[in-house]
Amino acid sequence: MKRLAVILAGSTLALSAHAVNWSKVSDSQTGSTFSLDLDSIESSDINIIDEKSVENITVSIRRTYPTQKSVTKNIAKGVTKKSKEADIHHSDQQWLISCKDASYYRRAYVNYAADGKVIKSWQSEQPILTTKDFKVTTPKTISRLLVEQSCKNYEQAK
């Protein structure tokens, strides 16, 4: 089952792995860079059961982490554990966005090491979505910038 989840998450994000049109949106205070794939923005046929008349879009998002030194934590006397985030070079995510209320639902992600190997992947198994599944973004945050830029580019491309 875990292998199937990796295959599904990989296929969901296959387009983002071959994206040729990444557009930088913002840098975070921690040094991560957030970009969206302009070529991946499209209308979604996924229906939200309690919001019939809203057109949603899908987009591929990339978070590139800053180069980090190997971080270890002492978890017991003489035992150290390497920080998992230090291994991640970038994370490709697929969001389902509602431009109506600047909200999103993360459908899948794949975390990659610097050598391109998959570290972790996940894909939503929810067959039915409601507006409660969406995360409403807060003004002046990176997630709001990503949603607004995606919606703006979608409208311009129409």
# chains A, B, ... in the order shown; residues from 1 in each chain; ligands from 1
>>> residues_around(residues="Val20 of chain A", least_positions_apart="5", cutoff="10 Å", atoms="only C-alpha atoms", output="list in words")
Leu15, Asp37, Leu38, Asp39 and Ser40 of chain A
>>> residues_around(residues="Val110 of chain A", least_positions_apart="6", cutoff="6 Å", atoms="only C-alpha atoms", output="list in words")
Ser91, Asp92, Lys120 and Ser121 of chain A
>>> write_last_selection(atoms="C-alpha atoms", output="compact mmCIF listing (two decimals), in the first residue's frame")
# COMPACT_ATOMS: atom_id res chain seq x y z
CA SER A 91 9.38 19.79 -1.98
CA ASP A 92 6.93 19.71 -4.89
CA LYS A 120 9.02 11.09 1.27
CA SER A 121 5.76 11.37 -0.63
>>> select_by_dssp(residues="segment 19-145 of chain A", states="helix (DSSP H, G or I)", output="compact mmCIF listing (two decimals) with C-alpha atoms, in the first residue's frame")
# COMPACT_ATOMS: atom_id res chain seq x y z
CA LEU A 38 2.89 28.69 -14.39
CA ASP A 39 2.31 25.88 -16.90
CA SER A 40 0.58 23.70 -14.30
CA GLU A 85 14.46 18.72 7.30
CA ALA A 86 18.22 19.04 6.74
CA ASP A 87 17.92 16.24 4.15
CA THR A 131 -15.01 23.63 2.10
CA LYS A 132 -13.95 22.60 5.63
CA ASP A 133 -11.03 20.68 4.09
CA ILE A 142 3.55 33.30 1.67
CA SER A 143 0.59 30.94 1.27
CA ARG A 144 -1.65 33.93 0.44
CA LEU A 145 0.92 35.19 -2.09
>>> residues_around(residues="Lys158 of chain A", least_positions_apart="4", cutoff="12 Å", atoms="only C-alpha atoms", output="list in words")
Ile41, Glu42, Ser43, Cys151, Lys152, Asn153 and Tyr154 of chain A
>>> write_last_selection(atoms="C-alpha atoms", output="tab-separated table (two decimals), in the first residue's frame")
chain	number	residue	atom	x	y	z
A	41	ILE	CA	-2.20	26.18	-13.46
A	42	GLU	CA	-5.49	24.86	-14.76
A	43	SER	CA	-9.16	24.53	-13.97
A	151	CYS	CA	-5.41	32.97	-9.34
A	152	LYS	CA	-4.04	36.05	-11.12
A	153	ASN	CA	-2.14	33.95	-13.65
A	154	TYR	CA	-5.17	31.71	-14.19
>>> atom_distance(atom1="atom CA of Ser150 of chain A", atom2="atom CA of Val59 of chain A")
7.1 Å
>>> atom_distance(atom1="atom CA of Gln123 of chain A", atom2="atom CA of Gln156 of chain A")
29.2 Å
>>> atom_distance(atom1="atom CA of Tyr105 of chain A", atom2="atom CA of Ser53 of chain A")
17.5 Å
>>> residues_around(residues="segment 124-130 of chain A", least_positions_apart="3", cutoff="10 Å", atoms="only C-alpha atoms", output="ChimeraX atom specification")
/A:5,8-9,46-51,105-109,133-134
>>> decode(residues="segment 90-122 of chain A", atoms="N, CA, C and O atoms", output="tab-separated table (two decimals), in the first residue's frame")
chain	number	residue	atom	x	y	z
A	90	HIS	N	14.22	20.09	-1.89
A	90	HIS	CA	13.00	20.79	-2.28
A	90	HIS	C	11.79	19.88	-2.15
A	90	HIS	O	11.93	18.66	-2.08
A	91	SER	N	10.64	20.50	-2.11
A	91	SER	CA	9.38	19.79	-1.98
A	91	SER	C	8.44	20.29	-3.07
A	91	SER	O	8.21	21.50	-3.18
A	92	ASP	N	7.92	19.37	-3.87
A	92	ASP	CA	6.93	19.71	-4.89
A	92	ASP	C	5.56	19.33	-4.34
A	92	ASP	O	5.39	18.23	-3.82
A	93	GLN	N	4.62	20.26	-4.45
A	93	GLN	CA	3.29	20.04	-3.91
A	93	GLN	C	2.25	20.36	-4.96
A	93	GLN	O	2.48	21.20	-5.83
A	94	GLN	N	1.12	19.71	-4.87
A	94	GLN	CA	0.00	20.07	-5.73
A	94	GLN	C	-1.11	20.60	-4.83
A	94	GLN	O	-1.52	19.93	-3.88
A	95	TRP	N	-1.56	21.81	-5.14
A	95	TRP	CA	-2.63	22.45	-4.38
A	95	TRP	C	-3.87	22.55	-5.24
A	95	TRP	O	-3.80	22.82	-6.44
A	96	LEU	N	-5.01	22.38	-4.60
A	96	LEU	CA	-6.31	22.70	-5.17
A	96	LEU	C	-6.70	24.02	-4.53
A	96	LEU	O	-6.74	24.13	-3.30
A	97	ILE	N	-6.94	25.04	-5.35
A	97	ILE	CA	-7.15	26.40	-4.85
A	97	ILE	C	-8.54	26.90	-5.16
A	97	ILE	O	-9.04	26.73	-6.28
A	98	SER	N	-9.13	27.56	-4.18
A	98	SER	CA	-10.38	28.30	-4.37
A	98	SER	C	-10.02	29.77	-4.38
A	98	SER	O	-9.66	30.33	-3.34
A	99	CYS	N	-10.11	30.40	-5.55
A	99	CYS	CA	-9.81	31.82	-5.65
A	99	CYS	C	-10.87	32.67	-4.96
A	99	CYS	O	-10.61	33.80	-4.57
A	100	LYS	N	-12.04	32.10	-4.80
A	100	LYS	CA	-13.16	32.82	-4.19
A	100	LYS	C	-12.83	33.31	-2.79
A	100	LYS	O	-13.10	34.45	-2.43
A	101	ASP	N	-12.22	32.45	-1.97
A	101	ASP	CA	-11.91	32.84	-0.59
A	101	ASP	C	-10.43	32.70	-0.24
A	101	ASP	O	-10.06	32.66	0.93
A	102	ALA	N	-9.57	32.61	-1.25
A	102	ALA	CA	-8.11	32.51	-1.05
A	102	ALA	C	-7.75	31.35	-0.14
A	102	ALA	O	-6.97	31.47	0.80
A	103	SER	N	-8.32	30.18	-0.44
A	103	SER	CA	-8.04	29.00	0.36
A	103	SER	C	-7.44	27.92	-0.53
A	103	SER	O	-7.50	27.99	-1.76
A	104	TYR	N	-6.84	26.91	0.10
A	104	TYR	CA	-6.24	25.81	-0.67
A	104	TYR	C	-6.35	24.50	0.10
A	104	TYR	O	-6.51	24.48	1.31
A	105	TYR	N	-6.22	23.44	-0.68
A	105	TYR	CA	-6.17	22.08	-0.12
A	105	TYR	C	-4.95	21.42	-0.73
A	105	TYR	O	-4.81	21.37	-1.96
A	106	ARG	N	-4.04	20.95	0.09
A	106	ARG	CA	-2.85	20.28	-0.42
A	106	ARG	C	-3.20	18.85	-0.78
A	106	ARG	O	-3.53	18.04	0.09
A	107	ARG	N	-3.14	18.53	-2.08
A	107	ARG	CA	-3.53	17.21	-2.57
A	107	ARG	C	-2.40	16.19	-2.50
A	107	ARG	O	-2.65	15.00	-2.35
A	108	ALA	N	-1.16	16.65	-2.66
A	108	ALA	CA	-0.04	15.71	-2.67
A	108	ALA	C	1.26	16.48	-2.50
A	108	ALA	O	1.33	17.68	-2.75
A	109	TYR	N	2.30	15.75	-2.08
A	109	TYR	CA	3.65	16.33	-2.07
A	109	TYR	C	4.69	15.24	-2.24
A	109	TYR	O	4.44	14.06	-1.94
A	110	VAL	N	5.85	15.65	-2.73
A	110	VAL	CA	7.01	14.77	-2.83
A	110	VAL	C	8.20	15.58	-2.36
A	110	VAL	O	8.46	16.67	-2.89
A	111	ASN	N	8.93	15.06	-1.36
A	111	ASN	CA	10.14	15.71	-0.86
A	111	ASN	C	11.35	15.05	-1.51
A	111	ASN	O	11.44	13.81	-1.55
A	112	TYR	N	12.28	15.87	-2.00
A	112	TYR	CA	13.46	15.38	-2.70
A	112	TYR	C	14.74	15.77	-1.97
A	112	TYR	O	14.84	16.85	-1.40
A	113	ALA	N	15.74	14.88	-2.07
A	113	ALA	CA	17.09	15.19	-1.60
A	113	ALA	C	17.80	15.97	-2.70
A	113	ALA	O	17.31	16.08	-3.83
A	114	ALA	N	18.98	16.49	-2.40
A	114	ALA	CA	19.74	17.27	-3.38
A	114	ALA	C	20.11	16.45	-4.62
A	114	ALA	O	20.22	17.00	-5.71
A	115	ASP	N	20.24	15.14	-4.46
A	115	ASP	CA	20.59	14.29	-5.60
A	115	ASP	C	19.36	13.85	-6.41
A	115	ASP	O	19.46	13.06	-7.35
A	116	GLY	N	18.19	14.37	-6.06
A	116	GLY	CA	16.97	14.06	-6.80
A	116	GLY	C	16.21	12.84	-6.31
A	116	GLY	O	15.14	12.53	-6.82
A	117	LYS	N	16.75	12.15	-5.32
A	117	LYS	CA	16.06	10.97	-4.79
A	117	LYS	C	14.86	11.39	-3.94
A	117	LYS	O	14.91	12.38	-3.21
A	118	VAL	N	13.79	10.61	-4.04
A	118	VAL	CA	12.59	10.87	-3.25
A	118	VAL	C	12.84	10.47	-1.80
A	118	VAL	O	13.27	9.35	-1.52
A	119	ILE	N	12.58	11.40	-0.89
A	119	ILE	CA	12.73	11.14	0.54
A	119	ILE	C	11.40	10.69	1.12
A	119	ILE	O	11.33	9.73	1.88
A	120	LYS	N	10.35	11.39	0.75
A	120	LYS	CA	9.02	11.09	1.27
A	120	LYS	C	7.99	11.61	0.29
A	120	LYS	O	8.19	12.63	-0.36
A	121	SER	N	6.86	10.90	0.21
A	121	SER	CA	5.76	11.37	-0.63
A	121	SER	C	4.44	11.07	0.06
A	121	SER	O	4.37	10.20	0.93
A	122	TRP	N	3.44	11.83	-0.34
A	122	TRP	CA	2.12	11.67	0.26
A	122	TRP	C	1.08	12.15	-0.75
A	122	TRP	O	1.33	13.10	-1.51
